[in-house]
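Participant: My structure file coords.txt, compact mmCIF, C-alpha atoms and all ligand atoms, is below:
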```txt
# COMPACT_ATOMS: atom_id res chain seq x y z
CA MET A 1 0.00 0.00 0.00
CA SER A 2 1.25 3.49 -0.80
CA LYS A 3 0.00 6.89 0.33
CA GLU A 4 -1.14 7.52 -3.28
CA ASP A 5 -3.53 4.55 -2.92
CA PHE A 6 -5.15 6.38 -0.03
CA PHE A 7 -5.79 9.40 -2.24
CA THR A 8 -6.85 7.32 -5.24
CA TYR A 9 -9.10 4.65 -3.81
CA GLN A 10 -10.43 6.01 -0.54
CA ALA A 11 -12.98 8.84 -0.77
CA GLN A 12 -11.69 12.04 0.80
CA THR A 13 -13.50 14.56 2.96
CA SER A 14 -11.22 17.52 2.28
CA PRO A 15 -8.53 18.47 -0.25
CA HIS A 16 -5.74 18.33 2.35
CA PRO A 17 -6.12 15.50 4.88
CA LEU A 18 -3.33 15.24 7.46
CA GLY A 19 -2.47 11.82 6.02
CA LEU A 20 -0.56 10.43 8.99
CA GLU A 21 0.24 6.78 8.19
CA ILE A 22 -0.75 4.71 11.21
CA SER A 23 1.07 1.68 12.50
CA HIS A 24 -0.57 1.17 15.89
CA ALA A 25 -1.83 3.06 18.95
CA LYS A 26 -1.61 2.50 22.68
CA GLY A 27 -2.68 4.64 25.64
CA SER A 28 -2.15 8.33 24.82
CA TYR A 29 0.07 7.67 21.80
CA ILE A 30 -0.41 6.91 18.11
CA TYR A 31 2.62 5.44 16.30
CA ASP A 32 3.24 6.07 12.60
CA THR A 33 4.75 3.67 10.09
CA ASP A 34 8.15 5.42 10.42
CA GLY A 35 8.18 4.53 14.09
CA ASN A 36 7.42 8.04 15.44
CA ALA A 37 5.25 8.42 18.53
CA HIS A 38 2.50 11.09 18.45
CA LEU A 39 1.01 12.29 21.73
CA ASP A 40 -2.74 12.35 21.15
CA PHE A 41 -4.53 15.47 22.39
CA VAL A 42 -7.58 14.69 20.23
CA ALA A 43 -8.51 11.06 21.03
CA GLY A 44 -10.19 10.35 17.71
CA VAL A 45 -12.26 13.53 18.13
CA SER A 46 -13.41 12.58 21.65
CA ALA A 47 -14.08 8.93 20.76
CA CYS A 48 -11.21 7.25 22.62
CA GLY A 49 -11.97 8.29 26.19
CA LEU A 50 -10.04 5.35 27.64
CA GLY A 51 -7.08 5.97 25.37
CA HIS A 52 -6.06 3.64 22.60
CA CYS A 53 -6.57 -0.09 23.01
CA HIS A 54 -7.46 -0.08 26.70
CA PRO A 55 -6.71 -3.65 27.86
CA LYS A 56 -10.12 -4.20 29.47
CA VAL A 57 -11.93 -3.09 26.32
CA VAL A 58 -9.66 -5.15 24.07
CA LYS A 59 -10.27 -8.21 26.24
CA ALA A 60 -14.04 -7.71 26.17
CA ILE A 61 -13.95 -7.41 22.37
CA LYS A 62 -11.78 -10.49 21.93
CA ASP A 63 -13.89 -12.57 24.31
CA GLN A 64 -17.03 -11.57 22.43
CA VAL A 65 -15.51 -12.21 18.98
CA ASP A 66 -14.71 -15.73 20.13
CA ARG A 67 -18.37 -16.29 21.10
CA TYR A 68 -20.37 -14.66 18.27
CA MET A 69 -20.20 -11.48 16.15
CA HIS A 70 -23.58 -11.03 14.48
CA VAL A 71 -26.58 -13.27 14.67
CA MET A 72 -29.67 -11.25 13.81
CA VAL A 73 -30.92 -7.74 13.05
CA TYR A 74 -31.41 -5.36 15.99
CA GLY A 75 -33.95 -6.23 18.62
CA GLU A 76 -34.99 -9.79 17.75
CA TYR A 77 -32.69 -11.95 19.85
CA VAL A 78 -31.61 -11.58 23.46
CA GLN A 79 -27.90 -10.82 23.34
CA GLN A 80 -26.17 -10.48 26.68
CA PRO A 81 -23.72 -7.63 25.90
CA ALA A 82 -26.45 -5.27 24.67
CA VAL A 83 -28.80 -6.10 27.54
CA GLU A 84 -26.09 -5.70 30.19
CA PHE A 85 -24.86 -2.45 28.70
CA THR A 86 -28.31 -0.84 28.48
CA LYS A 87 -29.13 -2.01 32.02
CA LEU A 88 -25.93 -0.54 33.45
CA LEU A 89 -26.47 2.70 31.52
CA ALA A 90 -29.99 3.00 32.94
CA ALA A 91 -28.57 2.58 36.46
CA HIS A 92 -26.47 5.71 35.88
CA LEU A 93 -29.24 7.84 34.35
CA PRO A 94 -32.35 9.55 35.77
CA LYS A 95 -35.38 7.29 36.00
CA ASP A 96 -37.16 8.46 32.83
CA LEU A 97 -34.12 7.68 30.73
CA GLU A 98 -34.33 3.94 31.21
CA THR A 99 -34.61 2.55 27.69
CA THR A 100 -31.82 2.68 25.13
CA TYR A 101 -32.00 2.13 21.38
CA LEU A 102 -28.53 1.14 20.11
CA VAL A 103 -27.46 2.23 16.63
CA ASN A 104 -24.30 2.53 14.55
CA SER A 105 -23.23 6.18 14.74
CA GLY A 106 -23.99 9.50 16.35
CA THR A 107 -25.85 10.83 13.37
CA GLU A 108 -28.07 7.75 13.17
CA ALA A 109 -28.84 8.17 16.86
CA MET A 110 -29.96 11.73 16.10
CA GLU A 111 -32.12 10.50 13.20
CA GLY A 112 -33.75 8.04 15.59
CA ALA A 113 -34.30 10.76 18.19
CA LEU A 114 -35.95 13.08 15.65
CA LYS A 115 -38.23 10.29 14.44
CA LEU A 116 -39.13 9.36 18.01
CA ALA A 117 -39.98 12.99 18.86
CA ARG A 118 -42.28 13.31 15.86
CA ARG A 119 -43.87 9.93 16.44
CA TYR A 120 -44.46 10.53 20.16
CA THR A 121 -45.79 14.09 19.98
CA GLY A 122 -47.60 13.86 16.64
CA ARG A 123 -46.06 17.27 15.87
CA THR A 124 -43.62 18.08 13.09
CA GLN A 125 -41.62 21.18 13.99
CA ILE A 126 -38.04 20.75 15.16
CA ILE A 127 -36.13 23.65 16.73
CA ALA A 128 -32.34 23.59 16.70
CA ALA A 129 -29.57 26.09 17.42
CA HIS A 130 -27.46 28.22 15.16
CA ARG A 131 -23.91 26.84 14.91
CA ALA A 132 -25.08 23.40 16.09
CA TYR A 133 -23.59 20.17 14.79
CA HIS A 134 -25.48 16.90 15.09
CA GLY A 135 -24.05 14.77 12.30
CA ASN A 136 -24.16 14.50 8.53
CA THR A 137 -27.10 12.41 7.38
CA MET A 138 -30.09 14.28 5.97
CA GLY A 139 -32.02 14.75 9.22
CA SER A 140 -28.96 15.77 11.22
CA LEU A 141 -27.83 18.01 8.38
CA SER A 142 -31.24 19.70 8.41
CA ILE A 143 -30.70 20.76 12.03
CA MET A 144 -27.09 21.83 11.49
CA GLY A 145 -26.87 25.53 12.27
CA PHE A 146 -24.32 26.40 9.60
CA GLU A 147 -25.77 27.20 6.20
CA GLU A 148 -22.45 27.13 4.34
CA ARG A 149 -22.13 23.38 4.95
CA LYS A 150 -25.68 22.46 3.98
CA SER A 151 -26.98 24.67 1.18
CA ALA A 152 -25.52 22.36 -1.52
CA PHE A 153 -27.67 19.51 -0.23
CA ARG A 154 -31.08 21.22 -0.09
CA PRO A 155 -33.98 20.52 -0.02
CA LEU A 156 -33.62 19.19 3.52
CA LEU A 157 -36.20 18.38 6.23
CA PRO A 158 -39.10 20.84 6.26
CA ASP A 159 -40.39 22.54 9.43
CA VAL A 160 -37.04 23.18 11.09
CA ARG A 161 -36.44 26.52 12.86
CA PHE A 162 -33.36 27.91 14.52
CA ILE A 163 -32.74 29.76 17.76
CA ASN A 164 -29.55 31.27 19.15
CA PHE A 165 -27.86 29.14 21.82
CA ASN A 166 -27.93 30.92 25.21
CA ALA A 167 -30.49 33.51 23.99
CA ILE A 168 -33.40 33.50 26.43
CA GLU A 169 -35.38 35.89 24.20
CA ASP A 170 -35.53 33.22 21.46
CA LEU A 171 -37.32 30.71 23.66
CA GLU A 172 -40.73 32.12 22.70
CA LYS A 173 -40.19 30.51 19.27
CA ILE A 174 -40.78 27.18 21.03
CA THR A 175 -44.55 26.71 20.84
CA ASP A 176 -47.27 24.08 20.96
CA ARG A 177 -46.38 23.29 17.32
CA THR A 178 -42.89 22.18 18.37
CA ALA A 179 -42.20 18.45 18.51
CA ALA A 180 -38.72 18.88 19.94
CA VAL A 181 -35.95 21.30 20.71
CA VAL A 182 -32.55 19.78 19.92
CA LEU A 183 -29.44 21.19 21.55
CA GLU A 184 -25.91 20.08 22.21
CA THR A 185 -25.47 20.30 25.98
CA ILE A 186 -22.15 22.01 25.22
CA GLN A 187 -21.90 23.30 21.66
CA GLY A 188 -18.93 21.53 20.06
CA GLY A 189 -18.30 22.70 16.50
CA ALA A 190 -19.23 26.24 17.51
CA GLY A 191 -16.21 26.44 19.82
CA PHE A 192 -17.05 24.51 23.02
CA ILE A 193 -19.72 26.95 24.18
CA LEU A 194 -21.22 26.23 27.59
CA PRO A 195 -24.84 27.01 28.42
CA GLN A 196 -24.93 30.12 30.58
CA ASN A 197 -27.19 31.77 33.18
CA GLY A 198 -29.47 28.77 33.64
CA TYR A 199 -30.11 28.57 29.87
CA LEU A 200 -30.84 24.84 29.74
CA GLU A 201 -33.15 25.04 32.75
CA LYS A 202 -35.09 27.77 30.99
CA VAL A 203 -35.29 25.74 27.77
CA ARG A 204 -36.54 22.82 29.86
CA GLU A 205 -39.21 25.00 31.47
CA ARG A 206 -40.37 26.37 28.13
CA CYS A 207 -40.57 22.86 26.65
CA ASN A 208 -42.67 21.75 29.62
CA GLU A 209 -45.00 24.75 29.19
CA VAL A 210 -45.80 23.97 25.55
CA GLY A 211 -45.47 20.17 25.59
CA ALA A 212 -42.36 20.02 23.40
CA LEU A 213 -39.68 17.42 23.98
CA LEU A 214 -36.10 18.33 24.79
CA ILE A 215 -33.41 16.33 22.99
CA LEU A 216 -29.87 16.79 24.29
CA ASP A 217 -26.98 15.74 22.09
CA GLU A 218 -24.21 14.42 24.36
CA ILE A 219 -22.33 12.62 21.63
CA GLN A 220 -19.23 14.64 22.37
CA PRO A 221 -19.40 15.61 26.07
CA GLY A 222 -20.83 12.27 27.22
CA PHE A 223 -19.05 9.39 28.94
CA GLY A 224 -17.12 11.40 31.49
CA ARG A 225 -15.42 13.98 29.30
CA THR A 226 -16.70 17.03 31.22
CA GLY A 227 -16.23 15.71 34.74
CA LYS A 228 -19.68 14.10 35.01
CA LEU A 229 -20.83 10.96 33.23
CA PHE A 230 -23.09 13.23 31.13
CA ALA A 231 -22.74 16.98 30.87
CA PHE A 232 -26.43 17.68 31.54
CA GLU A 233 -25.71 16.70 35.15
CA HIS A 234 -23.83 20.02 35.53
CA PHE A 235 -26.84 22.07 34.45
CA ASN A 236 -29.85 20.82 36.37
CA CYS A 237 -31.72 19.88 33.21
CA ILE A 238 -32.86 16.38 32.27
CA PRO A 239 -33.70 15.79 28.60
CA ASP A 240 -36.62 13.70 27.34
CA ILE A 241 -34.32 12.08 24.81
CA LEU A 242 -30.58 11.75 25.30
CA VAL A 243 -28.40 11.17 22.24
CA ILE A 244 -24.99 9.55 22.75
CA GLY A 245 -22.12 7.97 20.82
CA LYS A 246 -18.39 8.60 20.30
CA GLY A 247 -16.70 7.71 23.63
CA MET A 248 -19.34 5.07 24.38
CA ALA A 249 -17.46 2.15 22.80
CA SER A 250 -13.86 3.38 23.13
CA GLY A 251 -13.38 3.81 19.40
CA LEU A 252 -15.76 1.34 17.75
CA PRO A 253 -18.62 2.76 15.63
CA VAL A 254 -21.61 3.42 17.85
CA GLY A 255 -24.53 5.63 18.79
CA ALA A 256 -27.68 5.41 20.88
CA PHE A 257 -30.75 7.36 21.86
CA VAL A 258 -32.25 7.00 25.29
CA ALA A 259 -35.78 7.84 26.49
CA SER A 260 -38.51 6.59 28.78
CA HIS A 261 -39.87 3.12 28.17
CA LYS A 262 -43.28 4.61 27.41
CA MET A 263 -41.92 6.97 24.77
CA MET A 264 -39.60 4.43 23.20
CA SER A 265 -42.38 1.85 22.89
CA THR A 266 -44.11 4.06 20.31
CA LEU A 267 -41.46 2.98 17.78
CA GLN A 268 -42.79 -0.59 17.98
CA ASP A 269 -46.17 -0.03 16.40
CA HIS A 270 -48.13 2.27 14.04
CA PRO A 271 -46.00 1.79 12.08
CA LYS A 272 -44.48 -1.48 13.17
CA LEU A 273 -40.66 -1.40 13.00
CA GLY A 274 -40.59 2.39 13.39
CA HIS A 275 -36.80 2.35 13.39
CA ILE A 276 -34.78 -0.65 12.30
CA THR A 277 -31.12 -1.39 11.81
CA THR A 278 -29.11 -4.48 10.96
CA PHE A 279 -26.03 -3.83 13.04
CA GLY A 280 -27.29 -1.56 15.85
CA GLY A 281 -26.61 -3.27 19.19
CA ASN A 282 -23.91 -5.41 17.59
CA PRO A 283 -22.60 -7.71 20.35
CA VAL A 284 -18.92 -6.89 19.83
CA ILE A 285 -19.60 -3.17 20.04
CA ALA A 286 -21.98 -3.65 22.96
CA ALA A 287 -19.27 -5.65 24.77
CA ALA A 288 -16.84 -2.77 24.20
CA SER A 289 -19.50 -0.30 25.43
CA LEU A 290 -20.11 -2.34 28.57
CA ALA A 291 -16.39 -2.60 29.38
CA THR A 292 -16.00 1.14 28.73
CA LEU A 293 -18.88 2.13 30.97
CA GLN A 294 -17.73 -0.23 33.73
CA GLU A 295 -14.25 1.30 33.62
CA ILE A 296 -15.43 4.92 33.50
CA THR A 297 -17.93 4.51 36.34
CA GLY A 298 -15.78 2.15 38.41
CA SER A 299 -12.63 4.30 38.50
CA GLN A 300 -11.45 7.79 39.44
CA LEU A 301 -11.38 8.90 35.80
CA ILE A 302 -14.38 11.23 35.91
CA GLU A 303 -13.18 13.07 39.06
CA ASP A 304 -9.64 13.28 37.69
CA THR A 305 -10.91 14.97 34.55
CA LEU A 306 -11.50 18.20 36.45
CA GLU A 307 -7.97 18.10 37.94
CA LYS A 308 -6.59 17.59 34.45
CA GLU A 309 -8.61 20.54 33.17
CA LYS A 310 -7.07 22.68 35.93
CA LEU A 311 -3.59 21.65 34.84
CA PHE A 312 -4.27 22.55 31.20
CA ARG A 313 -5.64 25.93 32.25
CA LYS A 314 -2.66 26.58 34.54
CA LEU A 315 -0.08 25.65 31.93
CA LEU A 316 -1.57 27.09 28.77
CA VAL A 317 -0.92 30.75 29.45
CA HIS A 318 0.55 32.62 26.49
CA PRO A 319 0.01 36.03 24.85
CA LEU A 320 -1.33 34.33 21.70
CA ILE A 321 -3.95 32.34 23.66
CA GLU A 322 -6.94 34.64 24.13
CA GLU A 323 -9.19 32.25 25.98
CA ILE A 324 -9.66 28.61 26.91
CA ARG A 325 -13.25 27.48 26.46
CA GLY A 326 -14.99 24.28 27.45
CA LYS A 327 -15.17 21.96 30.43
CA GLY A 328 -13.16 19.00 31.68
CA LEU A 329 -11.19 17.47 28.84
CA MET A 330 -13.30 19.13 26.17
CA LEU A 331 -11.22 22.29 25.80
CA ALA A 332 -10.70 24.79 22.99
CA LEU A 333 -7.83 27.23 22.78
CA LEU A 334 -9.02 30.46 21.21
CA LEU A 335 -6.15 32.10 19.35
CA GLN A 336 -5.99 35.50 17.68
CA ASN A 337 -6.62 34.28 14.15
CA LYS A 338 -6.81 31.27 11.86
CA GLU A 339 -3.23 31.68 10.66
CA ILE A 340 -1.91 31.03 14.19
CA VAL A 341 -4.33 28.11 14.56
CA ASP A 342 -3.03 26.49 11.37
CA HIS A 343 0.58 27.17 12.41
CA LEU A 344 0.04 25.50 15.77
CA ILE A 345 -1.85 22.44 14.50
CA LEU A 346 0.37 21.80 11.48
CA THR A 347 3.67 22.36 13.31
CA ALA A 348 2.49 20.16 16.18
CA ALA A 349 1.59 17.44 13.67
CA LYS A 350 5.18 17.46 12.39
CA GLU A 351 6.60 17.44 15.91
CA GLY A 352 4.64 14.56 17.40
CA LEU A 353 1.64 16.25 19.03
CA ILE A 354 -1.85 15.71 17.68
CA LEU A 355 -4.20 18.72 17.79
CA PHE A 356 -7.16 19.51 15.55
CA TRP A 357 -9.55 22.20 14.32
CA LEU A 358 -13.17 22.77 15.34
CA LEU A 359 -15.82 22.69 12.61
CA PHE A 360 -17.30 26.19 12.73
CA GLU A 361 -14.85 28.25 14.82
CA PRO A 362 -11.73 29.09 12.80
CA LYS A 363 -9.93 30.64 15.80
CA ALA A 364 -10.16 27.47 17.91
CA VAL A 365 -7.79 24.57 18.49
CA ARG A 366 -9.31 21.38 19.86
CA ILE A 367 -7.89 19.72 22.96
CA SER A 368 -9.84 16.56 23.78
CA PRO A 369 -7.30 13.99 24.93
CA PRO A 370 -8.11 10.55 26.34
CA LEU A 371 -9.49 10.79 29.89
CA THR A 372 -6.68 8.41 30.82
CA ILE A 373 -3.97 10.89 29.85
CA SER A 374 -1.39 11.35 32.64
CA MET A 375 -0.39 14.65 34.27
CA LYS A 376 3.11 14.17 32.83
CA GLU A 377 1.75 13.71 29.32
CA ILE A 378 -0.35 16.87 29.73
CA GLU A 379 2.76 18.79 30.83
CA LYS A 380 4.74 17.44 27.87
CA GLY A 381 2.09 18.39 25.31
CA CYS A 382 1.49 21.83 26.84
CA ASP A 383 5.25 22.55 26.75
CA GLN A 384 5.19 21.69 23.06
CA ILE A 385 2.22 24.00 22.43
CA LEU A 386 3.93 26.92 24.21
CA ASP A 387 7.18 26.26 22.36
CA ILE A 388 5.41 26.26 18.98
CA LEU A 389 3.54 29.47 19.83
CA ASN A 390 6.85 31.08 20.92
CA ARG A 391 8.29 30.27 17.50
CA TYR A 392 5.33 31.76 15.61
CA LYS A 393 6.17 34.65 13.28
CA PRO A 394 3.33 36.29 11.37
CA ALA A 395 3.65 35.92 7.58
CA THR A 396 5.03 39.16 6.08
CA VAL A 397 2.91 40.80 3.42
CA ASN A 398 4.93 41.83 0.34
C1 LIG A 401 -22.27 16.84 19.01
C2 LIG A 401 -22.19 15.82 17.92
N1 LIG A 401 -23.33 15.30 17.43
C3 LIG A 401 -23.31 14.37 16.45
C4 LIG A 401 -22.13 13.91 15.91
C5 LIG A 401 -22.15 12.89 14.82
O1 LIG A 401 -21.64 11.68 15.25
P1 LIG A 401 -21.10 10.62 14.17
O2 LIG A 401 -19.93 11.24 13.50
O3 LIG A 401 -20.78 9.39 14.98
O4 LIG A 401 -22.21 10.40 13.21
C6 LIG A 401 -20.92 14.44 16.39
C7 LIG A 401 -19.65 14.04 15.78
O5 LIG A 401 -18.67 14.76 15.77
C8 LIG A 401 -20.96 15.43 17.40
O6 LIG A 401 -19.82 15.97 17.89
```
Would you give me this structure, written as C-alpha cells?

Facilitator:
Amino acid sequence: MSKEDFFTYQAQTSPHPLGLEISHAKGSYIYDTDGNAHLDFVAGVSACGLGHCHPKVVKAIKDQVDRYMHVMVYGEYVQQPAVEFTKLLAAHLPKDLETTYLVNSGTEAMEGALKLARRYTGRTQIIAAHRAYHGNTMGSLSIMGFEERKSAFRPLLPDVRFINFNAIEDLEKITDRTAAVVLETIQGGAGFILPQNGYLEKVRERCNEVGALLILDEIQPGFGRTGKLFAFEHFNCIPDILVIGKGMASGLPVGAFVASHKMMSTLQDHPKLGHITTFGGNPVIAAASLATLQEITGSQLIEDTLEKEKLFRKLLVHPLIEEIRGKGLMLALLLQNKEIVDHLILTAAKEGLILFWLLFEPKAVRISPPLTISMKEIEKGCDQILDILNRYKPATVN
C-alpha cells in the first residue's frame, strides 16, 4: 500500500487530509509507520476516552468475537452484551431515561431521536440552534446551524427553525407546534460553548409549558469527558431524549438514543418497526460499550478529569492564547486568528503532538485527549504548544 492509494481509492472529505500513516496506537500515543510516537490530544475527536486499546476493552472485544459477532438484526434476539450495557447505563441515568436504542453512529442516533420525537408528539416542527452540529445524514444536516455546509444539499427536512444558543429571548419561538428542541449540551463545532445563566433550565421550562420534547446531544461531552458521566448533570436539566455515541465504545462505531420506556415503545407499532437497523446493538460493540462504561464509572477517571482541566488551564498561558473554552477534557484554545491556529496544528503534527480544528470556529484549536492521559503527558504536550507558539512569526505581506 502506498500513500497515493489512499488518495486514489479512498474517498476524501477535504482536499488536504493530514495523512498520517498509522502503525498502531496505545494509551495516549499513536505510532506512525516510520516509528514516530504522536502524543494524542484529540482522542479520535473525543471517541477514545479510555485511550487507545485499553486492555479491558480489548479483552471484552476479543472474548465476544470468540463467542459470536452477528446473529440477527437489531432487537430480535436476546444478546447479553447489549442487555447488560443498556441495564448498566440506565442505572447511571435519571429514571425516565431507562430505555436505550442502540445504533451505529452518532448521526443515526440523532435521526432516531428526531423520528421518536415526531412519532411521540404527533407534531412536526423541530427547533435547533445556530452553529449546532449533530451529524451529517439528511435529518442531522437539516438541524445543522451552519448554512455554508448544507446549502448544496437542499432541499432538507421541512419545518425546522433555529434559535440562538444561550439567547433566552428566542425561547418564545418554542410553541405548541414544536415536537422537539434539539441542543448540544455544550456546543462543540461552535467552539465549546457552555450554556450560561441557567439557559438549559429555561429551555426545559419552556418545553414543559408547551409540551415540546427536549433532545440533548451528548455525543461529544458524554461518557465522562466534562467531569460528570453526562454533561447535563452540571446544568440541572434532564432531557426527554438523550443522544450519545463517540466515547461510548472506546473507538468502535456506535450511537444510541435513550428515552422513557413509554416513549420508546411508540417505535414498535403504528407503524411497526418504526426504526430498524441491521447492526445496531452489535454484540462486539456492545461488549466494548459495557467494558467502557464499567471502567469509566468504576474508577477515578471522571473526578480526575476536572484536575486535568485545571492543569491545562494553569499551563496554557501565552500572549497568543486569548481564551480557553470548554469543560473537563473538552477544551478549545481560542487564538488571535486562523493563521496562528493552522501554524500550531500543522507544526504540532510534524513534531509529534496531535491537535485539531473545530468545525465552525476558525480561531479554535481542539484539545480533547483521552481521559486516561497522565499529568506528565499533559505537561509534555502543553510545553510543546507553548514552544510552537513562541516560534510563531506572522507571515510578512509583500
Ligand atoms: C455533538 C455531535 N453530534 C453528532 C455527531 C455525529 O456523530 P457521528 O460522526 O458518529 O455520526 C458528532 C460528531 O462529531 C458530534 O460531535

Participant: Neighbouring residues of segment 360-377 of chain A were defined as those with any atom within 9 Å, considering all atoms listed in the file; residues of the same chain fewer than 5 positions away were excluded. Please report them as a PyMOL selection string.

Facilitator: chain A and resi 27-28+39-52+131-133+146+188-192+224-225+301-302+304-305+308+311+328-342+344-345+354-355+382

Participant: Enumerate residues in contact with ligand LIG 401 (chain A): an atom-to-atom distance of at most 6 Å, counting all atoms listed in the file. Format the result as a PDB file with C-alpha atoms, in the frame of the given file.

Facilitator:
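Done, and the output landed in part08.pdb:
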```
ATOM      1  CA  SER A 105     -23.230   6.180  14.740  1.00  0.00           C
ATOM      2  CA  GLY A 106     -23.990   9.500  16.350  1.00  0.00           C
ATOM      3  CA  THR A 107     -25.850  10.830  13.370  1.00  0.00           C
ATOM      4  CA  TYR A 133     -23.590  20.170  14.790  1.00  0.00           C
ATOM      5  CA  HIS A 134     -25.480  16.900  15.090  1.00  0.00           C
ATOM      6  CA  GLY A 135     -24.050  14.770  12.300  1.00  0.00           C
ATOM      7  CA  GLU A 184     -25.910  20.080  22.210  1.00  0.00           C
ATOM      8  CA  GLY A 188     -18.930  21.530  20.060  1.00  0.00           C
ATOM      9  CA  ASP A 217     -26.980  15.740  22.090  1.00  0.00           C
ATOM     10  CA  ILE A 219     -22.330  12.620  21.630  1.00  0.00           C
ATOM     11  CA  GLN A 220     -19.230  14.640  22.370  1.00  0.00           C
ATOM     12  CA  LYS A 246     -18.390   8.600  20.300  1.00  0.00           C
TER      13      LYS A 246
END
```

Participant: Determine the nearest neighbour of Val57 of chain A from the options A:Leu252, A:Leu353, A:Ile378, A:Ile324, counting only C-alpha atoms.

Facilitator: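 Checking each of A:Leu252, A:Leu353, A:Ile378, A:Ile324 against Val57 of chain A, counting only C-alpha atoms, the winner is A:Leu252.
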
Participant: Can you measure atom CA of Leu358 of chain A to atom CA of Gly245 of chain A for me? One decimal in Å is fine.

Facilitator: 18.1 Å

Participant: Quote the spacing between atom CA of Met263 of chain A and atom CA of Ala167 of chain A in Å to one decimal place.

Facilitator: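 If I compute the distance from atom CA of Met263 of chain A to atom CA of Ala167 of chain A, I get 28.9 Å.
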
Participant: Given the choices A:Ala179, A:Ala291, A:Leu216, A:Ala395, which gets closest to Leu116 of chain A if the distance is worked out from only C-alpha atoms?

Facilitator: A:Ala179

Participant: Return the single residue from A:Leu20, A:Leu156, A:Ala286, A:Leu194 that is closest to Phe232 of chain A, with distances computed using only C-alpha atoms.

Facilitator: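 Among A:Leu20, A:Leu156, A:Ala286, A:Leu194, it is A:Leu194 that comes nearest to Phe232 of chain A.
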
Participant: What is the atom CA of Ala231 of chain A to atom CA of Thr185 of chain A distance in Å?

Facilitator: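 Interatomic distance here is 6.5 Å.
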
Participant: Excluding Gly274 of chain A and its own-chain neighbours fewer than 2 positions away, which residues fall within 10 Å of it when counting all atoms listed in the file? Please give them as a list of chain:residue names.

Facilitator: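 Neighbouring residues, sequence-local ones excluded: A:Gly112, A:Lys115, A:Leu116, A:Arg119, A:Ser265, A:Thr266, A:Leu267, A:Gln268, A:Asp269, A:His270, A:Pro271, A:Lys272, A:Ile276.
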
Participant: Would you mind telling me which residue in A:Ser2, A:Ala11, A:His16, A:Leu213 lies nearest to Thr33 of chain A when using all atoms listed in the file?

Facilitator: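 Answer, going by the shortest atom-to-atom distance: A:Ser2.
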
Participant: Determine the nearest neighbour of Ile215 of chain A from the options A:Asp240, A:Leu293, A:Asn166, A:Ile30, counting all atoms listed in the file.

Facilitator: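 Of the candidates, the smallest distance to Ile215 of chain A is held by A:Asp240.
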
Participant: Please, which residues are within 6 Å of (-18.6, -9.7, 17.6) by the file's coordinates, counting only C-alpha atoms, and could they come as a count of residues only?

Facilitator: 6

Participant: Would you list the contacts of Glu4 of chain A as a PDB file with C-alpha atoms, in the coordinates of the input, taking every protein, DNA or RNA residue within 12 Å and counting all atoms listed in the file, but skipping same-chain residues closer than 5 positions in sequence?

Facilitator:
```pdb
ATOM      1  CA  TYR A   9      -9.100   4.650  -3.810  1.00  0.00           C
ATOM      2  CA  GLN A  10     -10.430   6.010  -0.540  1.00  0.00           C
ATOM      3  CA  GLY A  19      -2.470  11.820   6.020  1.00  0.00           C
ATOM      4  CA  GLU A  21       0.240   6.780   8.190  1.00  0.00           C
TER       5      GLU A  21
END
```

Participant: Would you list the contacts of His261 of chain A as a VMD selection string, taking every protein, DNA or RNA residue within 8 Å and counting only C-alpha atoms, but skipping same-chain residues closer than 5 positions in sequence?

Facilitator: chain A and resid 96 to 99

Participant: For segment 136-145 of chain A, list every protein, DNA or RNA residue within 9 Å, evaluated using all atoms listed in the file, and leave out those in the same chain fewer than 6 positions away; present the list as a PyMOL selection string.

Facilitator: chain A and resi 107-108+110-111+114+126-130+153-158+160-162+182

Participant: Which residue gives the smallest distance to Ala180 of chain A among A:Pro195, A:Pro239, A:Gly281, A:Gly222, with all atoms listed in the file counted?

Facilitator: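 Going through A:Pro195, A:Pro239, A:Gly281, A:Gly222 one by one, the smallest distance to Ala180 of chain A is for A:Pro239.
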
Participant: Using all atoms of segment 136-154 of chain A listed in the file and a margin of 6 Å per side, can you give the axis-aligned box centre and edge lengths in Å to one decimal, as JSON?

Facilitator:
```
{"center_x": -27.1, "center_y": 19.8, "center_z": 5.4, "size_x": 21.9, "size_y": 26.8, "size_z": 25.8}
```
